[in-house]
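Student: Following this message is one structure expressed as structure tokens.
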Amino acid sequence: MHPIRRSLAAAAAVLALGTISAPAQDSTANRAIDERTGAAPDADDYDDYAPVQVSDPLEGFNRRVFAFNDWTYVHVFTPATKAYETVVRPPVNRAIGNFFDNIRYPVRLVNCLLQGKFSRADLETRKFVVNTLGGLGGFIRQSDNVPSLAQIPREDLGQTLGHYGVPHGPYLVVPLFGGYSVRDLFGRLGDSVVSPTGWEYIDLADREWVGELDWEWQTAIIVTDTMSTLPDVLDVYGQMKQAAIDPYLSVRDATRRYRDAETAR
Amino acid sequence: MPIARALRSLLTAGLGLLAFTTAPVLHAAATNEAKAAVAAGIEEVSAAIRERPHQEDLIALLDTLVDKHFAFTTTTRLAVGPAWRDFSPEQRTRTTALFSRLVIRTYADRVTGDTQPKIVYGQPLEMKAGRVEVPTTTTAAGQTYAVTYRLELDRTTDPARWRVYDVVAEGVSLISNYRSQFEPILRKSGAPGLIEALEAKVAEQNAALASAKK
């Protein structure tokens, strides 16, 4: 059995037993505060913005990887992206991005189903059909023109685990890939089993139904897939870094809050 | 990378924030008025940007608009957290000035004539007396984000006015994000340490601005 499948099976067993309890998540937006309105305005509203507690036992190591990633983004990825964009123009690159997003439909579908979100699974299926048949195989995101399909929250395995109360675990900065909680990193690996582009992470030999691909093709797929999102990622990271007093903490906080908001949807 | 969307939405929220700074008084009950006001605000900002293409002029312009429509003292106080109680009045003023400069400059950088977000308003929610949050769906550059504005009622003026004090983009709050960065600095070296860090950041931005002009 493939190691990742084995760990997935283990996770499923844990979920079935329901032995993991959700950490108490404080909602800053909806707490009952009416009884406090008589207080001075700056008396006790600090709790509304209590920082999220991100478990980060490896902070020293993570910061070094973060610095390494930062260097790579600035000195390798940014020039590479600029060169790539002179060959593959941004509109074409966007279409490629749409294509890869569309064929990851199985990931979203499976995780909708795992969470019992059946109407969302139905919408995802409609979206896939609309974009595949009406959008030239997924290169054009026709679904944006259908209001009910324009904003379907994306599900993934990290969210499914969160949905069933699996805690995040420690925060890890992965070389080149950026920051994840152990839960979300595990989810990402698990999703790649289902994803048609999963060969980025998992040996194809174990996926007979896809068949063997030459390494040239594999490389081409990985490069075009990565390059379809990389310019945006780098642009945003650069802006974030520019705004932050401590970019490491800024990214860590944003990552956690974004994932929690996504999981709650 | 999941973080990319979160980060991008934060920046997009910034664009919306600028639109908000020019919007007339917003009342929770008057969502249609708010929608019209923000549309007018976006038009006003776009016009200002077209007329004043230089970054420095734009920042000066935004500075004057910010106090009218943005409660930066509250933003700064909440970003600092309970340690604010130990700040002297001078330290409070200085921190607020530096922090608002940092935020305005960051977002002003993103504003160009062709990035006009499309904003659709949801149902406003009263969080407590004098505090309202307005959820929106903001679309910019083909991407759609959930952006929530939090406003407080400023009763020191006549008539009282609603001002934005926080922006929450895809679950990431501007205040929370800075508070997580400020906390270790405050724990280690208190108000002087934070002011020093903010000064260093603003100086870094000044240098970047100066080298961009050359």
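Here's how to read the names in the structure tokens: chain A, B, ... by the order shown, residue numbers from 1 in each chain, ligand numbers from 1 in the order shown.
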Could you list, as a list in words, every residue of chain A that has an atom within 6 Å of an atom of chain B, counting only C-alpha atoms?

Tutor: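 Selected residues: Asp34, Tyr46, Tyr49, Pro51, Val233, Val236, Ala243, Asp246, Leu249, Ser250, Ala254, Thr255, Arg257, Tyr258 and Ala261 of chain A.
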
Student: I'd like the contact shell of Val54 (chain A) - 12 Å cut-off, only C-alpha atoms, skipping same-chain residues fewer than 3 positions apart - returned as an NGL selection string.

Tutor: (:A and (23 or 51 or 57-59 or 167-172 or 179-182 or 249-257 or 260)) or (:B and (180))

Student: Include N, CA and C atoms and write out the residues we just selected as an mmCIF file, in the first residue's frame.

Tutor:
```
data_model
loop_
_atom_site.group_PDB
_atom_site.id
_atom_site.type_symbol
_atom_site.label_atom_id
_atom_site.label_comp_id
_atom_site.auth_asym_id
_atom_site.auth_seq_id
_atom_site.Cartn_x
_atom_site.Cartn_y
_atom_site.Cartn_z
ATOM 1 N N PRO A 23 -10.735 22.157 18.562
ATOM 2 C CA PRO A 23 -10.282 23.183 19.484
ATOM 3 C C PRO A 23 -11.320 24.304 19.532
ATOM 4 N N PRO A 51 -4.940 37.542 19.266
ATOM 5 C CA PRO A 51 -4.271 36.822 18.175
ATOM 6 C C PRO A 51 -4.586 35.324 18.208
ATOM 7 N N PRO A 57 6.362 25.251 17.108
ATOM 8 C CA PRO A 57 7.543 24.845 17.885
ATOM 9 C C PRO A 57 8.842 24.945 17.083
ATOM 10 N N LEU A 58 8.728 24.928 15.762
ATOM 11 C CA LEU A 58 9.936 24.966 14.924
ATOM 12 C C LEU A 58 10.203 26.355 14.375
ATOM 13 N N GLU A 59 9.758 27.399 15.111
ATOM 14 C CA GLU A 59 9.819 28.745 14.544
ATOM 15 C C GLU A 59 11.204 29.111 14.019
ATOM 16 N N PRO A 167 -7.331 18.959 14.647
ATOM 17 C CA PRO A 167 -6.635 20.227 14.887
ATOM 18 C C PRO A 167 -5.516 20.456 13.853
ATOM 19 N N HIS A 168 -5.090 21.715 13.769
ATOM 20 C CA HIS A 168 -4.080 22.061 12.768
ATOM 21 C C HIS A 168 -2.743 21.366 12.995
ATOM 22 N N GLY A 169 -2.355 21.249 14.255
ATOM 23 C CA GLY A 169 -1.005 20.769 14.527
ATOM 24 C C GLY A 169 -0.007 21.876 14.257
ATOM 25 N N PRO A 170 1.289 21.574 14.350
ATOM 26 C CA PRO A 170 2.297 22.625 14.197
ATOM 27 C C PRO A 170 2.311 23.234 12.802
ATOM 28 N N TYR A 171 2.780 24.479 12.760
ATOM 29 C CA TYR A 171 2.954 25.200 11.503
ATOM 30 C C TYR A 171 4.311 24.839 10.912
ATOM 31 N N LEU A 172 4.329 24.605 9.601
ATOM 32 C CA LEU A 172 5.573 24.222 8.935
ATOM 33 C C LEU A 172 5.764 25.079 7.696
ATOM 34 N N GLY A 179 4.018 28.144 3.731
ATOM 35 C CA GLY A 179 3.569 27.722 5.049
ATOM 36 C C GLY A 179 2.279 26.922 5.049
ATOM 37 N N TYR A 180 2.279 25.834 5.809
ATOM 38 C CA TYR A 180 1.097 25.000 6.005
ATOM 39 C C TYR A 180 1.063 24.531 7.448
ATOM 40 N N SER A 181 -0.155 24.277 7.963
ATOM 41 C CA SER A 181 -0.218 23.488 9.184
ATOM 42 C C SER A 181 -0.034 22.036 8.770
ATOM 43 N N VAL A 182 0.361 21.202 9.726
ATOM 44 C CA VAL A 182 0.567 19.788 9.406
ATOM 45 C C VAL A 182 -0.712 19.207 8.802
ATOM 46 N N LEU A 249 5.490 36.573 10.492
ATOM 47 C CA LEU A 249 4.294 36.501 11.333
ATOM 48 C C LEU A 249 3.050 36.918 10.564
ATOM 49 N N SER A 250 3.215 37.881 9.671
ATOM 50 C CA SER A 250 2.080 38.347 8.879
ATOM 51 C C SER A 250 1.532 37.204 8.022
ATOM 52 N N VAL A 251 2.422 36.505 7.352
ATOM 53 C CA VAL A 251 1.996 35.386 6.500
ATOM 54 C C VAL A 251 1.436 34.250 7.346
ATOM 55 N N ARG A 252 2.062 33.996 8.483
ATOM 56 C CA ARG A 252 1.597 32.905 9.334
ATOM 57 C C ARG A 252 0.166 33.170 9.835
ATOM 58 N N ASP A 253 -0.063 34.387 10.300
ATOM 59 C CA ASP A 253 -1.393 34.751 10.792
ATOM 60 C C ASP A 253 -2.428 34.696 9.670
ATOM 61 N N ALA A 254 -2.078 35.252 8.502
ATOM 62 C CA ALA A 254 -3.024 35.282 7.383
ATOM 63 C C ALA A 254 -3.354 33.871 6.919
ATOM 64 N N THR A 255 -2.342 33.008 6.869
ATOM 65 C CA THR A 255 -2.556 31.626 6.435
ATOM 66 C C THR A 255 -3.560 30.937 7.336
ATOM 67 N N ARG A 256 -3.346 31.058 8.648
ATOM 68 C CA ARG A 256 -4.217 30.367 9.588
ATOM 69 C C ARG A 256 -5.643 30.908 9.532
ATOM 70 N N ARG A 257 -5.776 32.217 9.539
ATOM 71 C CA ARG A 257 -7.130 32.795 9.558
ATOM 72 C C ARG A 257 -7.873 32.507 8.265
ATOM 73 N N ASP A 260 -9.031 28.890 8.344
ATOM 74 C CA ASP A 260 -10.143 28.688 9.271
ATOM 75 C C ASP A 260 -11.443 29.246 8.693
ATOM 76 N N SER B 180 -0.731 40.505 15.460
ATOM 77 C CA SER B 180 0.138 39.321 15.608
ATOM 78 C C SER B 180 1.599 39.688 15.374
#
```

Student: Counting only C-alpha atoms, what is within 12 Å of Gly60 (chain A), bar same-chain residues fewer than 5 positions away, as an NGL selection string?

Tutor: :A and (65-67 or 171-173 or 248)

Student: Could you please take those selected residues and save C-alpha atoms as a PDB file, in the first residue's frame?

Tutor:
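Writing done, so here's selection35.pdb:
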```pdb
ATOM      1  CA  VAL A  65      13.203  28.199   5.431  1.00  0.00           C
ATOM      2  CA  PHE A  66      11.052  31.339   5.053  1.00  0.00           C
ATOM      3  CA  ALA A  67      14.205  33.374   4.406  1.00  0.00           C
ATOM      4  CA  TYR A 171       2.954  25.200  11.503  1.00  0.00           C
ATOM      5  CA  LEU A 172       5.573  24.222   8.935  1.00  0.00           C
ATOM      6  CA  VAL A 173       7.263  26.270   6.236  1.00  0.00           C
ATOM      7  CA  TYR A 248       6.956  35.814   8.690  1.00  0.00           C
TER       8      TYR A 248
END
```

Student: Find the residues near Ile140 (chain A): any atom within 12 Å, counting only C-alpha atoms, skip ones fewer than 6 places away on the same chain, and give them as a PDB file with N, CA and C atoms, in the first residue's frame.

Tutor:
```pdb
ATOM      1  N   PRO A  91      -2.810  36.384 -20.781  1.00  0.00           N
ATOM      2  CA  PRO A  91      -4.156  35.824 -21.043  1.00  0.00           C
ATOM      3  C   PRO A  91      -4.113  34.323 -21.327  1.00  0.00           C
ATOM      4  N   VAL A  92      -3.080  33.899 -22.044  1.00  0.00           N
ATOM      5  CA  VAL A  92      -2.925  32.473 -22.327  1.00  0.00           C
ATOM      6  C   VAL A  92      -2.647  31.725 -21.029  1.00  0.00           C
ATOM      7  N   ASN A  93      -1.807  32.343 -20.209  1.00  0.00           N
ATOM      8  CA  ASN A  93      -1.452  31.723 -18.937  1.00  0.00           C
ATOM      9  C   ASN A  93      -2.677  31.570 -18.034  1.00  0.00           C
ATOM     10  N   ARG A  94      -3.557  32.572 -18.085  1.00  0.00           N
ATOM     11  CA  ARG A  94      -4.789  32.493 -17.296  1.00  0.00           C
ATOM     12  C   ARG A  94      -5.649  31.334 -17.771  1.00  0.00           C
ATOM     13  N   ALA A  95      -5.720  31.169 -19.104  1.00  0.00           N
ATOM     14  CA  ALA A  95      -6.507  30.064 -19.661  1.00  0.00           C
ATOM     15  C   ALA A  95      -5.931  28.721 -19.207  1.00  0.00           C
ATOM     16  N   ILE A  96      -4.609  28.636 -19.175  1.00  0.00           N
ATOM     17  CA  ILE A  96      -3.967  27.402 -18.691  1.00  0.00           C
ATOM     18  C   ILE A  96      -4.323  27.163 -17.227  1.00  0.00           C
ATOM     19  N   GLY A  97      -4.309  28.255 -16.452  1.00  0.00           N
ATOM     20  CA  GLY A  97      -4.680  28.153 -15.041  1.00  0.00           C
ATOM     21  C   GLY A  97      -6.116  27.658 -14.883  1.00  0.00           C
ATOM     22  N   ASN A  98      -7.025  28.182 -15.717  1.00  0.00           N
ATOM     23  CA  ASN A  98      -8.423  27.728 -15.688  1.00  0.00           C
ATOM     24  C   ASN A  98      -8.511  26.235 -15.976  1.00  0.00           C
ATOM     25  N   PHE A  99      -7.721  25.802 -16.952  1.00  0.00           N
ATOM     26  CA  PHE A  99      -7.743  24.387 -17.335  1.00  0.00           C
ATOM     27  C   PHE A  99      -7.338  23.506 -16.156  1.00  0.00           C
ATOM     28  N   PHE A 100      -6.221  23.855 -15.512  1.00  0.00           N
ATOM     29  CA  PHE A 100      -5.750  23.025 -14.399  1.00  0.00           C
ATOM     30  C   PHE A 100      -6.729  23.072 -13.227  1.00  0.00           C
ATOM     31  N   ASP A 101      -7.327  24.246 -13.019  1.00  0.00           N
ATOM     32  CA  ASP A 101      -8.307  24.365 -11.944  1.00  0.00           C
ATOM     33  C   ASP A 101      -9.508  23.471 -12.231  1.00  0.00           C
ATOM     34  N   ASN A 102      -9.929  23.463 -13.489  1.00  0.00           N
ATOM     35  CA  ASN A 102     -11.106  22.678 -13.880  1.00  0.00           C
ATOM     36  C   ASN A 102     -10.865  21.171 -13.699  1.00  0.00           C
ATOM     37  N   LYS A 127     -20.665  22.908 -12.587  1.00  0.00           N
ATOM     38  CA  LYS A 127     -19.606  23.824 -12.994  1.00  0.00           C
ATOM     39  C   LYS A 127     -18.599  23.109 -13.912  1.00  0.00           C
ATOM     40  N   PHE A 128     -18.261  21.890 -13.528  1.00  0.00           N
ATOM     41  CA  PHE A 128     -17.301  21.116 -14.328  1.00  0.00           C
ATOM     42  C   PHE A 128     -17.848  20.864 -15.736  1.00  0.00           C
ATOM     43  N   VAL A 130     -20.212  22.624 -17.337  1.00  0.00           N
ATOM     44  CA  VAL A 130     -20.304  23.897 -18.056  1.00  0.00           C
ATOM     45  C   VAL A 130     -18.934  24.298 -18.610  1.00  0.00           C
ATOM     46  N   ASN A 131     -17.902  24.183 -17.773  1.00  0.00           N
ATOM     47  CA  ASN A 131     -16.582  24.648 -18.208  1.00  0.00           C
ATOM     48  C   ASN A 131     -15.920  23.681 -19.188  1.00  0.00           C
ATOM     49  N   THR A 132     -16.176  22.403 -19.006  1.00  0.00           N
ATOM     50  CA  THR A 132     -15.540  21.431 -19.896  1.00  0.00           C
ATOM     51  C   THR A 132     -16.197  21.452 -21.279  1.00  0.00           C
ATOM     52  N   LEU A 133     -17.529  21.470 -21.283  1.00  0.00           N
ATOM     53  CA  LEU A 133     -18.232  21.427 -22.568  1.00  0.00           C
ATOM     54  C   LEU A 133     -18.378  22.827 -23.163  1.00  0.00           C
ATOM     55  N   GLY A 134     -18.706  23.796 -22.312  1.00  0.00           N
ATOM     56  CA  GLY A 134     -18.965  25.154 -22.822  1.00  0.00           C
ATOM     57  C   GLY A 134     -17.744  26.041 -22.827  1.00  0.00           C
TER      58      GLY A 134
END
```
